[in-house]
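Enquirer: Take a look at this one; I'll ask things after.
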Amino acid sequence: MVALWGAVALWLDAPAAWMAVIVAADASVLLSLLRVPAGWGRATWALAFLALATAASLWLMAAGVVGPAFGLLPWESALRLGPVLFGVIAEPWMGLGNLAWLAAAVALTLWWNR
């Protein structure tokens with residue numbers, strides 16, 4: 001899901017925060033297929049998956065922005081990207097629209113897994 005979200009974001013040249021809802025659905029379906037019983041435990045696992053996928057996707061997107069300036073592919077740049085540069089690049093992405101998509105993904109994750 002991280003690779004898909006990163007590819008969509010790099011293709012659209014935007015963070016594509018709506019992909020967080022798709023990641024939430026994917027986490028919910030996978031946990032359901034694993035027969036993890038519904039409840040707070042499954043919701044916690046799904047939220048952890050969502051948080052990790054979101055962080056990794058944002059990191060990959062930032063690497064995709066910086067990498068070409070140094071002749072690096074996004075996954076090569078991701079290994080060299082530091083937290084300060086990541087913060088500078090990712091800060092403009094945290095607009096109200098993107099934050100609303102992320103909040104919706106969290107709410108849906110809790111609803112689908114409780």
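Each chain in the structure tokens gets a letter, A, B and so on, in the order shown; residues start at 1 in every chain, and ligands are counted from 1 in the order they appear.
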What's the 10 Å shell around segment 37-43 of chain A, counting only C-alpha atoms, without same-chain residues fewer than 5 positions away, as a list in words?

Expert: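 So the residues in contact are Ala27, Ser28, Leu31, Ser32, Ala48, Phe49, Val106, Thr109, Leu110, Trp111, Trp112, Asn113 and Arg114 of chain A.
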
Enquirer: Quick one: residues within 8 Å of segment 58-67 of chain A, only C-alpha atoms, excluding same-chain residues fewer than 3 positions away - as a list in words?

Expert: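 These residues fall inside the cut-off: Gly6, Ala9, Leu10, Pro15, Thr54, Ala55, Phe70, Gly71, Leu72, Leu73, Pro74, Trp75, Glu76, Ser77, Ala78, Leu81, Phe86, Ile89 and Ala90 of chain A.
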
Enquirer: Any chance you could export the current selection's N, CA and C atoms as a compact mmCIF listing (two decimals), in the first residue's frame?

Expert:
# COMPACT_ATOMS: atom_id res chain seq x y z
N GLY A 6 2.52 6.01 -2.68
CA GLY A 6 3.62 6.84 -3.16
C GLY A 6 3.58 7.05 -4.66
N ALA A 9 0.72 9.46 -5.49
CA ALA A 9 1.07 10.82 -5.09
C ALA A 9 2.10 11.44 -6.03
N LEU A 10 3.09 10.66 -6.43
CA LEU A 10 4.10 11.19 -7.35
C LEU A 10 3.50 11.42 -8.74
N PRO A 15 -0.11 15.04 -2.35
CA PRO A 15 -0.03 13.99 -1.33
C PRO A 15 -1.07 12.88 -1.45
N THR A 54 0.95 5.63 6.50
CA THR A 54 0.90 7.07 6.23
C THR A 54 2.28 7.70 6.37
N ALA A 55 2.99 7.36 7.44
CA ALA A 55 4.33 7.92 7.65
C ALA A 55 5.29 7.49 6.55
N PHE A 70 19.08 15.48 -7.09
CA PHE A 70 20.40 14.89 -6.88
C PHE A 70 20.64 13.68 -7.78
N GLY A 71 19.73 13.45 -8.73
CA GLY A 71 19.88 12.32 -9.64
C GLY A 71 19.57 10.99 -8.99
N LEU A 72 18.72 11.00 -7.96
CA LEU A 72 18.38 9.77 -7.24
C LEU A 72 16.93 9.39 -7.50
N LEU A 73 16.68 8.09 -7.49
CA LEU A 73 15.31 7.60 -7.56
C LEU A 73 14.68 7.77 -6.17
N PRO A 74 13.34 7.78 -6.08
CA PRO A 74 12.71 8.01 -4.78
C PRO A 74 13.16 7.06 -3.68
N TRP A 75 13.30 5.78 -3.98
CA TRP A 75 13.71 4.84 -2.93
C TRP A 75 15.18 5.00 -2.56
N GLU A 76 16.00 5.52 -3.47
CA GLU A 76 17.39 5.82 -3.11
C GLU A 76 17.45 7.08 -2.24
N SER A 77 16.64 8.05 -2.59
CA SER A 77 16.60 9.29 -1.83
C SER A 77 16.00 9.07 -0.45
N ALA A 78 15.06 8.13 -0.32
CA ALA A 78 14.41 7.87 0.97
C ALA A 78 15.40 7.42 2.02
N LEU A 81 17.27 10.78 3.14
CA LEU A 81 16.47 11.91 3.58
C LEU A 81 16.49 12.02 5.10
N PHE A 86 12.67 16.46 5.59
CA PHE A 86 11.32 15.90 5.45
C PHE A 86 10.28 16.87 5.98
N ILE A 89 9.70 19.81 3.62
CA ILE A 89 8.97 19.43 2.41
C ILE A 89 7.52 19.07 2.71
N ALA A 90 7.29 18.37 3.80
CA ALA A 90 5.94 17.85 4.09
C ALA A 90 5.03 18.87 4.75

Enquirer: According to DSSP computed on the backbone, where in chain A is there helix (DSSP H, G or I)? Give the residues as a VMD selection string.

Expert: chain A and resid 2 to 12 19 to 33 40 to 70 74 to 78 83 to 93 96 to 113

Enquirer: Would you mind listing what lies within 12 Å of Ala103 of chain A as an MDAnalysis selection string, with only C-alpha atoms counted and same-chain residues fewer than 5 positions away left out?

Expert: chainID A and resid 17:18 20:21 24 47 50:51 54 94 96:98 108:110

Enquirer: Take the residues just selected and output them with C-alpha atoms as a PDB file, in the first residue's frame.

Expert:
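Contents of the output file out31.pdb:
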ATOM      1  CA  ALA A  17      -4.399  11.926   1.320  1.00  0.00           C
ATOM      2  CA  TRP A  18      -7.605  10.217   0.148  1.00  0.00           C
ATOM      3  CA  ALA A  20      -5.500   6.906   3.624  1.00  0.00           C
ATOM      4  CA  VAL A  21      -9.117   5.745   3.424  1.00  0.00           C
ATOM      5  CA  ALA A  24      -7.764   1.876   6.253  1.00  0.00           C
ATOM      6  CA  LEU A  47      -4.643   2.135  13.408  1.00  0.00           C
ATOM      7  CA  LEU A  50      -2.623   3.129   9.015  1.00  0.00           C
ATOM      8  CA  ALA A  51      -0.108   5.258  10.934  1.00  0.00           C
ATOM      9  CA  THR A  54       0.902   7.070   6.234  1.00  0.00           C
ATOM     10  CA  MET A  94      -0.750  19.352   5.847  1.00  0.00           C
ATOM     11  CA  LEU A  96      -7.164  21.263   5.928  1.00  0.00           C
ATOM     12  CA  GLY A  97      -8.224  19.021   3.062  1.00  0.00           C
ATOM     13  CA  ASN A  98      -5.467  16.480   3.618  1.00  0.00           C
ATOM     14  CA  LEU A 108     -13.441   4.781   9.483  1.00  0.00           C
ATOM     15  CA  THR A 109     -10.722   2.507  10.824  1.00  0.00           C
ATOM     16  CA  LEU A 110     -12.217   2.667  14.287  1.00  0.00           C
TER      17      LEU A 110
END

Enquirer: What is the distance between atom CA of Ala46 of chain A and atom CA of Pro83 of chain A, in Å to one decimal?

Expert: 25.2 Å

Enquirer: Quick check, in Å to one decimal: how far apart do atom CA of Ala7 of chain A and atom CA of Trp101 of chain A lie?

Expert: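 Distance reported for this atom pair: 18.1 Å.
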
Enquirer: Take atom CA of Ala104 of chain A and atom CA of Val36 of chain A and report the distance between them in Å, one decimal.

Expert: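 Straight-line distance from atom CA of Ala104 of chain A to atom CA of Val36 of chain A works out to 22.7 Å.
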
Enquirer: Considering only C-alpha atoms, state which residue in the set A:Leu79, A:Leu99, A:Val23, A:Trp93 is at the smallest distance from Leu52 of chain A.

Expert: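 Among A:Leu79, A:Leu99, A:Val23, A:Trp93, it is A:Val23 that comes nearest to Leu52 of chain A.
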